[in-house]
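One structure is given here, and the rest of the page talks about it.
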Amino acid sequence: METRVAVVALIIESGESVAVVNGILHDYAEHIIGRMGLPYRQKDMNIISIVMDAPHDVISAFSGKLGRVDGVSAKTLYSR
């Protein structure tokens with residue numbers, strides 16, 4: 001199956017959501033190339049960027065699961 005490279009950007013505004021997000025990241029670890037997380041303490045939020053190489057449907061499912069977590073916003077940018 002053809003894979004694509006994508007960047008998934010997350011903004012986590014609820015500290016209680018961090019454990020749920022980490023669980024989802026663990027579930028998709030085989031498709032994750034790397035990630036960078038920045039705690040923004042002044043605004044009490046975390047910003048995470050995740051780079052993936054996976055089939056489109058896997059990336060979409062991953063982003064969708066993250067976006068349904070309370071206090072989490074997720075957006076995805078795909079390679080061509």
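Convention: chains lettered A, B, ... in structure tokens order; per-chain residue numbering from 1; ligands numbered from 1 as shown.
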Worksheet item: Taking the backbone alone, and naming residues the way the document does, which bits of chain A are strand (DSSP E or B) by DSSP, as JSON, numbers by chain?
Response: {"A": [4, 5, 6, 7, 8, 9, 10, 11, 12, 32, 33, 34, 35, 36, 37, 38, 39, 40, 45, 46, 47, 48, 49, 50, 51, 52, 53, 54, 72, 73, 74, 75, 76, 77, 78]}
Export of the given selection (C-alpha atoms) as a compact mmCIF listing (two decimals), in the first residue's frame:
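Here's the written file again-v3.txt:
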# COMPACT_ATOMS: atom_id res chain seq x y z
CA ARG A 4 2.44 9.41 2.43
CA VAL A 5 4.40 11.69 4.70
CA ALA A 6 2.29 13.95 6.88
CA VAL A 7 2.67 16.37 9.76
CA VAL A 8 -0.02 16.32 12.44
CA ALA A 9 -0.13 19.44 14.61
CA LEU A 10 -1.75 19.25 18.04
CA ILE A 11 -2.68 21.89 20.56
CA ILE A 12 -3.55 20.39 23.93
CA ILE A 32 5.66 7.89 13.56
CA ILE A 33 9.00 9.16 12.24
CA GLY A 34 9.45 11.76 14.97
CA ARG A 35 7.73 14.28 17.18
CA MET A 36 8.46 17.54 18.92
CA GLY A 37 6.57 18.81 21.92
CA LEU A 38 6.63 22.28 23.39
CA PRO A 39 5.06 23.10 26.74
CA TYR A 40 3.68 26.64 26.70
CA MET A 45 -1.07 24.34 26.90
CA ASN A 46 1.16 21.95 24.98
CA ILE A 47 1.96 22.10 21.27
CA ILE A 48 3.07 18.89 19.55
CA SER A 49 4.08 18.22 15.96
CA ILE A 50 4.17 14.61 14.75
CA VAL A 51 5.71 13.45 11.47
CA MET A 52 4.32 10.21 10.03
CA ASP A 53 4.88 7.93 7.06
CA ALA A 54 1.75 5.82 6.63
CA VAL A 72 -7.26 18.70 21.84
CA SER A 73 -7.21 20.37 18.43
CA ALA A 74 -5.58 18.46 15.54
CA LYS A 75 -4.75 19.48 11.96
CA THR A 76 -2.93 17.46 9.32
CA LEU A 77 -0.73 18.53 6.41
CA TYR A 78 -0.02 15.87 3.75
Worksheet item: With distances taken over only C-alpha atoms, which of A:Tyr28, A:Gly23, A:Asp44, A:Glu2 is nearest to Gly71 (chain A)?
Response: A:Asp44
Practice prompt. Report the residues of chain A whose backbone DSSP state falls under alpha helix (DSSP H), written as a PyMOL selection string.
Written response: chain A and resi 18-27+56-67
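Distance annotation: of A:Gly15, A:Ser63, A:Val69, A:Ser79, the residue with the minimal separation from Arg41 (chain A) is A:Gly15; atom set is only C-alpha atoms.
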Discussion item. Can you tell me which residues surround Phe62 (chain A) at a distance of at most 8 Å, considering only C-alpha atoms, apart from same-chain residues fewer than 4 positions away, and format the answer as JSON, numbers by chain?
Written reply: {"A": [24, 28, 58, 66]}
